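**Q** Following this message is one structure expressed as structure tokens.
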Amino acid sequence: MNAAAAQIENLDRSSEALPLLSVRSVSKAYGARIGCTEVNFDIWPGEVLAIVGESGSGKTTLLNCISTRLEPTSGTIAYRMRDGEMRDLYQLGEAERRFLLRTDWGFVHQNPADGLRMTVSAGANVGERLMAVGHRHYGELRATATDWLGRVEIGADRIDDQPRAFSGGMRQRLQIARNLVTAPRLVFMDEPTGGLDVSVQARLLDLVRGLVNELGLSVIIVTHDLAVARLLSHRMLVMKDGRVVEHGLTDRLLDDPQAPYTQLLVSSILQV
Ligand SMILES: Nc1ncnc2c1ncn2[C@@H]1O[C@H](COP(=O)(O)OP(=O)(O)OP(=O)(O)O)[C@@H](O)[C@H]1O
């Protein structure tokens with residue numbers, strides 16, 4: 001092998017040449033019903049992927065399979081661990097999986113109550129995640145929590161309030177702070193602006209976009225809202241009846257949809 005070929009081979013084997021997550025032929029059946037079928041995609045560091053489709057198209061099923069909440073019926077999902085090794089997520093031991101959930105991943109739920117502890121203070125909701133990754137110093141925990149509350153536009157005077165005293169938009173911003181404070185490498189978001197007023201949604205989307213860019217996060221976001229996908233994502237997967245009907249760069253896909261179903265989706269929002 002000549003030097004150039006050796007160099008290319010080394011490059012290919014380096015962790016930079018590997019995706020962060022690799023999904024191959026993933027299917028999930030609920031008895032005779034299809035949840036999702038034969039899904040394939042990779043996600044790269046710093047990339048935002050939107051999974052879009054109408055209700056019942058399989059978005060949540062796919063997100064749950066990828067985030068190890070729901071074991072697929074078939075297929076593999078490999079994740080690049082911090083040491084660079086690609087590992088099959090469903091072959092990890094329970095301790096390794098919990099470590100990922102605690103340190104490497106974030107999960108922003110549609111309903112903030114599912115991702116927050118509603119009866120402890122806002123500061124503790126953020127500080128708790130830091131403690132889970134080994135931070136112990138009270139003053140530092142409080143300072144970092146205050147800083148993060150500020151980043152999601154929650155005043156320092158609300159640090160000791162419980163999230164149940166917050167509005168829906170504030171709760172969602174707190175959930176985002178709780179998830180991002182540990183600098184995860186991959187964040188899953190399930191309809192993060194669903195259930196919020198349109199004006200609150202717009203502000204939240206702006207905030208999420210800013211943080212995602214600043215932190216260089218990889219994000220997989222499920223949404224039925226093409227406007228959310230357009231604003232946040234680099235690439236889109238369009239699902240229908242459990243299948244991916246189109247997959248491509250967001251701008252290209254929205255400007256020039258190829259699949260009849262995507263054309264229908266795009267034309268329906270343009271008419272609004
Ligand atoms: N626990 C379950 N048992 C049986 N069928 C299920 C279950 N969860 C989902 N399904 C079915 O799998 C298919 C995909 O559902 P899924 O919830 O993944 O869709 P979705 O695109 O996330 O919908 P929505 O936007 O309404 O949340 C649907 O036909 C649904 O009825």
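Numbering starts fresh at 1 for the residues of each chain in the structure tokens, the chains themselves are lettered A, B, ... in the order given, and ligands are numbered from 1 as they appear.
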Would you list, as a PyMOL selection string, the residues of region 134-264 of chain A that end up in strand (DSSP E) under DSSP run on this structure's backbone?

**A** chain A and resi 186-190+218-223+235-240+243-249

**Q** Any chance you can output those residues with N, CA and C atoms as a tab-separated table (two decimals), in the first residue's frame?

**A**
chain	number	residue	atom	x	y	z
A	186	LEU	N	-25.56	14.04	22.02
A	186	LEU	CA	-26.74	13.78	21.20
A	186	LEU	C	-27.99	14.09	22.02
A	187	VAL	N	-28.88	14.88	21.42
A	187	VAL	CA	-30.11	15.25	22.13
A	187	VAL	C	-31.31	14.80	21.29
A	188	PHE	N	-32.23	14.10	21.94
A	188	PHE	CA	-33.48	13.70	21.30
A	188	PHE	C	-34.55	14.70	21.72
A	189	MET	N	-35.35	15.15	20.76
A	189	MET	CA	-36.44	16.08	21.10
A	189	MET	C	-37.72	15.55	20.49
A	190	ASP	N	-38.74	15.40	21.32
A	190	ASP	CA	-40.02	14.88	20.84
A	190	ASP	C	-41.04	16.02	20.86
A	218	SER	N	-25.56	17.47	18.22
A	218	SER	CA	-26.28	16.62	17.28
A	218	SER	C	-27.67	16.43	17.88
A	219	VAL	N	-28.68	16.61	17.04
A	219	VAL	CA	-30.05	16.55	17.54
A	219	VAL	C	-30.90	15.69	16.61
A	220	ILE	N	-31.74	14.85	17.21
A	220	ILE	CA	-32.78	14.17	16.43
A	220	ILE	C	-34.11	14.68	16.97
A	221	ILE	N	-34.84	15.37	16.12
A	221	ILE	CA	-36.07	16.02	16.57
A	221	ILE	C	-37.26	15.45	15.82
A	222	VAL	N	-38.27	15.04	16.58
A	222	VAL	CA	-39.50	14.55	15.99
A	222	VAL	C	-40.50	15.69	15.97
A	223	THR	N	-41.09	15.93	14.82
A	223	THR	CA	-42.10	16.99	14.75
A	223	THR	C	-43.08	16.70	13.62
A	235	ARG	N	-31.14	18.13	7.94
A	235	ARG	CA	-31.67	17.04	7.10
A	235	ARG	C	-33.01	16.61	7.63
A	236	MET	N	-33.80	16.01	6.76
A	236	MET	CA	-35.13	15.54	7.17
A	236	MET	C	-35.38	14.11	6.70
A	237	LEU	N	-36.09	13.38	7.55
A	237	LEU	CA	-36.65	12.08	7.15
A	237	LEU	C	-38.15	12.27	7.13
A	238	VAL	N	-38.80	11.96	6.04
A	238	VAL	CA	-40.26	12.07	6.00
A	238	VAL	C	-40.83	10.66	6.11
A	239	MET	N	-41.72	10.47	7.08
A	239	MET	CA	-42.29	9.14	7.30
A	239	MET	C	-43.77	9.10	6.98
A	240	LYS	N	-44.17	7.93	6.48
A	240	LYS	CA	-45.60	7.68	6.25
A	240	LYS	C	-45.85	6.19	6.46
A	243	ARG	N	-42.88	3.96	7.19
A	243	ARG	CA	-41.75	3.93	6.25
A	243	ARG	C	-41.19	5.32	6.01
A	244	VAL	N	-39.88	5.34	5.67
A	244	VAL	CA	-39.29	6.62	5.26
A	244	VAL	C	-39.59	6.78	3.78
A	245	VAL	N	-40.37	7.82	3.44
A	245	VAL	CA	-40.71	8.01	2.02
A	245	VAL	C	-39.75	8.98	1.34
A	246	GLU	N	-39.06	9.80	2.14
A	246	GLU	CA	-38.07	10.71	1.54
A	246	GLU	C	-37.07	11.12	2.61
A	247	HIS	N	-35.82	11.32	2.19
A	247	HIS	CA	-34.75	11.62	3.12
A	247	HIS	C	-33.77	12.53	2.38
A	248	GLY	N	-33.49	13.69	2.95
A	248	GLY	CA	-32.53	14.56	2.26
A	248	GLY	C	-32.29	15.85	3.01
A	249	LEU	N	-31.49	16.71	2.41
A	249	LEU	CA	-31.21	18.02	3.01
A	249	LEU	C	-32.52	18.81	3.12

**Q** Within 12 Å of ligand 1, counting only C-alpha atoms and all ligand atoms, which protein or nucleic acid residues do you find, written as an mmCIF file with N, CA and C atoms, in the first residue's frame?

**A**
data_model
loop_
_atom_site.group_PDB
_atom_site.id
_atom_site.type_symbol
_atom_site.label_atom_id
_atom_site.label_comp_id
_atom_site.auth_asym_id
_atom_site.auth_seq_id
_atom_site.Cartn_x
_atom_site.Cartn_y
_atom_site.Cartn_z
ATOM 1 N N SER A 27 -36.785 -1.965 12.301
ATOM 2 C CA SER A 27 -38.232 -2.166 12.218
ATOM 3 C C SER A 27 -38.763 -2.442 13.605
ATOM 4 N N LYS A 28 -39.964 -1.969 13.851
ATOM 5 C CA LYS A 28 -40.641 -2.302 15.102
ATOM 6 C C LYS A 28 -42.086 -2.635 14.797
ATOM 7 N N ALA A 29 -42.500 -3.844 15.177
ATOM 8 C CA ALA A 29 -43.897 -4.238 14.982
ATOM 9 C C ALA A 29 -44.555 -4.334 16.354
ATOM 10 N N TYR A 30 -45.806 -3.897 16.418
ATOM 11 C CA TYR A 30 -46.620 -4.123 17.619
ATOM 12 C C TYR A 30 -47.608 -5.218 17.227
ATOM 13 N N GLY A 31 -47.266 -6.469 17.445
ATOM 14 C CA GLY A 31 -48.118 -7.546 16.940
ATOM 15 C C GLY A 31 -48.168 -7.441 15.425
ATOM 16 N N ALA A 32 -49.391 -7.377 14.879
ATOM 17 C CA ALA A 32 -49.518 -7.296 13.419
ATOM 18 C C ALA A 32 -49.355 -5.861 12.920
ATOM 19 N N ARG A 33 -49.358 -4.903 13.827
ATOM 20 C CA ARG A 33 -49.307 -3.496 13.412
ATOM 21 C C ARG A 33 -47.857 -3.041 13.236
ATOM 22 N N ILE A 34 -47.629 -2.274 12.144
ATOM 23 C CA ILE A 34 -46.276 -1.750 11.900
ATOM 24 C C ILE A 34 -46.088 -0.457 12.673
ATOM 25 N N GLY A 35 -45.017 -0.383 13.464
ATOM 26 C CA GLY A 35 -44.653 0.880 14.117
ATOM 27 C C GLY A 35 -43.773 1.674 13.169
ATOM 28 N N CYS A 36 -42.633 1.046 12.797
ATOM 29 C CA CYS A 36 -41.797 1.606 11.735
ATOM 30 C C CYS A 36 -41.126 0.430 11.037
ATOM 31 N N THR A 37 -40.698 0.656 9.806
ATOM 32 C CA THR A 37 -40.136 -0.483 9.085
ATOM 33 C C THR A 37 -38.962 -0.086 8.188
ATOM 34 N N ILE A 51 -37.336 14.285 12.059
ATOM 35 C CA ILE A 51 -38.178 13.181 11.601
ATOM 36 C C ILE A 51 -39.598 13.740 11.543
ATOM 37 N N VAL A 52 -40.145 13.826 10.329
ATOM 38 C CA VAL A 52 -41.460 14.452 10.196
ATOM 39 C C VAL A 52 -42.458 13.459 9.584
ATOM 40 N N GLY A 53 -43.721 13.769 9.782
ATOM 41 C CA GLY A 53 -44.780 12.914 9.230
ATOM 42 C C GLY A 53 -46.042 13.136 10.030
ATOM 43 N N GLU A 54 -47.146 12.665 9.462
ATOM 44 C CA GLU A 54 -48.424 12.909 10.144
ATOM 45 C C GLU A 54 -48.557 11.987 11.359
ATOM 46 N N SER A 55 -49.604 12.206 12.120
ATOM 47 C CA SER A 55 -49.865 11.390 13.301
ATOM 48 C C SER A 55 -49.972 9.911 12.907
ATOM 49 N N GLY A 56 -49.290 9.057 13.656
ATOM 50 C CA GLY A 56 -49.365 7.622 13.395
ATOM 51 C C GLY A 56 -48.377 7.145 12.348
ATOM 52 N N SER A 57 -47.482 8.036 11.863
ATOM 53 C CA SER A 57 -46.550 7.635 10.802
ATOM 54 C C SER A 57 -45.338 6.862 11.343
ATOM 55 N N GLY A 58 -45.168 6.858 12.661
ATOM 56 C CA GLY A 58 -44.087 6.048 13.236
ATOM 57 C C GLY A 58 -42.941 6.848 13.823
ATOM 58 N N LYS A 59 -43.102 8.160 13.926
ATOM 59 C CA LYS A 59 -42.012 9.025 14.400
ATOM 60 C C LYS A 59 -41.599 8.678 15.837
ATOM 61 N N THR A 60 -42.587 8.588 16.711
ATOM 62 C CA THR A 60 -42.274 8.328 18.121
ATOM 63 C C THR A 60 -41.701 6.926 18.291
ATOM 64 N N THR A 61 -42.261 5.980 17.558
ATOM 65 C CA THR A 61 -41.738 4.610 17.629
ATOM 66 C C THR A 61 -40.253 4.604 17.264
ATOM 67 N N LEU A 62 -39.921 5.297 16.174
ATOM 68 C CA LEU A 62 -38.522 5.333 15.733
ATOM 69 C C LEU A 62 -37.650 6.030 16.775
ATOM 70 N N LEU A 63 -38.098 7.159 17.286
ATOM 71 C CA LEU A 63 -37.310 7.892 18.294
ATOM 72 C C LEU A 63 -37.086 7.018 19.532
ATOM 73 N N ASN A 64 -38.127 6.310 19.935
ATOM 74 C CA ASN A 64 -37.984 5.453 21.119
ATOM 75 C C ASN A 64 -37.029 4.291 20.864
ATOM 76 N N CYS A 65 -37.051 3.764 19.650
ATOM 77 C CA CYS A 65 -36.105 2.677 19.320
ATOM 78 C C CYS A 65 -34.667 3.202 19.376
ATOM 79 N N ARG A 69 -35.413 3.150 24.328
ATOM 80 C CA ARG A 69 -36.591 3.006 25.182
ATOM 81 C C ARG A 69 -37.490 1.875 24.713
ATOM 82 N N LEU A 70 -37.279 1.456 23.479
ATOM 83 C CA LEU A 70 -38.171 0.464 22.881
ATOM 84 C C LEU A 70 -37.327 -0.404 21.947
ATOM 85 N N HIS A 109 -38.709 16.108 26.273
ATOM 86 C CA HIS A 109 -40.052 15.569 26.042
ATOM 87 C C HIS A 109 -41.021 16.670 25.625
ATOM 88 N N GLN A 110 -42.073 16.269 24.931
ATOM 89 C CA GLN A 110 -43.105 17.246 24.571
ATOM 90 C C GLN A 110 -43.721 17.861 25.826
ATOM 91 N N ASP A 190 -38.739 15.399 21.317
ATOM 92 C CA ASP A 190 -40.020 14.884 20.842
ATOM 93 C C ASP A 190 -41.036 16.021 20.858
ATOM 94 N N GLU A 191 -41.345 16.589 19.716
ATOM 95 C CA GLU A 191 -42.290 17.707 19.606
ATOM 96 C C GLU A 191 -42.049 18.752 20.707
ATOM 97 N N GLY A 194 -44.631 21.450 20.881
ATOM 98 C CA GLY A 194 -46.047 21.065 20.828
ATOM 99 C C GLY A 194 -46.730 21.529 22.106
ATOM 100 N N ILE A 221 -34.843 15.370 16.117
ATOM 101 C CA ILE A 221 -36.067 16.018 16.569
ATOM 102 C C ILE A 221 -37.265 15.447 15.823
ATOM 103 N N VAL A 222 -38.265 15.039 16.579
ATOM 104 C CA VAL A 222 -39.503 14.553 15.987
ATOM 105 C C VAL A 222 -40.501 15.690 15.966
ATOM 106 N N THR A 223 -41.091 15.934 14.817
ATOM 107 C CA THR A 223 -42.104 16.988 14.748
ATOM 108 C C THR A 223 -43.080 16.702 13.615
ATOM 109 N N HIS A 224 -44.320 17.137 13.797
ATOM 110 C CA HIS A 224 -45.253 17.027 12.675
ATOM 111 C C HIS A 224 -45.285 18.370 11.949
ATOM 112 N N ASP A 225 -44.479 19.335 12.447
ATOM 113 C CA ASP A 225 -44.554 20.717 11.970
ATOM 114 C C ASP A 225 -43.362 21.021 11.041
ATOM 115 N N LEU A 237 -36.088 13.376 7.550
ATOM 116 C CA LEU A 237 -36.650 12.082 7.154
ATOM 117 C C LEU A 237 -38.153 12.274 7.134
ATOM 118 N N VAL A 238 -38.798 11.957 6.044
ATOM 119 C CA VAL A 238 -40.258 12.065 5.996
ATOM 120 C C VAL A 238 -40.830 10.660 6.113
ATOM 121 N N MET A 239 -41.723 10.468 7.075
ATOM 122 C CA MET A 239 -42.286 9.135 7.303
ATOM 123 C C MET A 239 -43.770 9.098 6.984
ATOM 124 N N LYS A 240 -44.172 7.927 6.482
ATOM 125 C CA LYS A 240 -45.597 7.680 6.249
ATOM 126 C C LYS A 240 -45.846 6.192 6.458
ATOM 127 N N ASP A 241 -46.837 5.864 7.212
ATOM 128 C CA ASP A 241 -47.189 4.463 7.500
ATOM 129 C C ASP A 241 -45.978 3.640 7.934
ATOM 130 N N GLY A 242 -45.121 4.249 8.750
ATOM 131 C CA GLY A 242 -43.981 3.514 9.299
ATOM 132 C C GLY A 242 -42.751 3.473 8.411
ATOM 133 N N ARG A 243 -42.880 3.965 7.187
ATOM 134 C CA ARG A 243 -41.747 3.933 6.247
ATOM 135 C C ARG A 243 -41.185 5.318 6.009
ATOM 136 N N VAL A 244 -39.881 5.343 5.675
ATOM 137 C CA VAL A 244 -39.285 6.616 5.263
ATOM 138 C C VAL A 244 -39.592 6.782 3.779
#

**Q** Skip Ile176 (chain A) itself and residues of its chain fewer than 4 positions away, then list as an mmCIF file with N, CA and C atoms, in the first residue's frame all residues within 7 Å of it, counting only C-alpha atoms.

**A**
data_model
loop_
_atom_site.group_PDB
_atom_site.id
_atom_site.type_symbol
_atom_site.label_atom_id
_atom_site.label_comp_id
_atom_site.auth_asym_id
_atom_site.auth_seq_id
_atom_site.Cartn_x
_atom_site.Cartn_y
_atom_site.Cartn_z
ATOM 1 N N VAL A 108 -35.520 15.721 25.405
ATOM 2 C CA VAL A 108 -36.478 16.790 25.674
ATOM 3 C C VAL A 108 -37.868 16.280 25.272
ATOM 4 N N GLN A 172 -40.663 24.376 29.676
ATOM 5 C CA GLN A 172 -39.949 23.771 28.555
ATOM 6 C C GLN A 172 -38.519 24.302 28.491
ATOM 7 N N LEU A 180 -29.175 20.273 28.655
ATOM 8 C CA LEU A 180 -27.952 20.718 27.976
ATOM 9 C C LEU A 180 -26.801 21.027 28.923
#

**Q** Pick out the closest residue to Tyr90 (chain A) from this set: A:Asp104, A:Glu71, A:Asp197, A:Glu47. Count only C-alpha atoms.

**A**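 Counting only C-alpha atoms, the residue closest to Tyr90 (chain A) is A:Glu71.
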
**Q** Mind pulling up the distance from CA of Ile66 (chain A) to CA of Val26 (chain A)?

**A**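 It comes out at 9.0 Å.
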
**Q** One decimal, in Å: what's the spacing between CA of Leu116 (chain A) and CA of Arg171 (chain A)?

**A**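 Between these atoms lies a distance of 8.2 Å.
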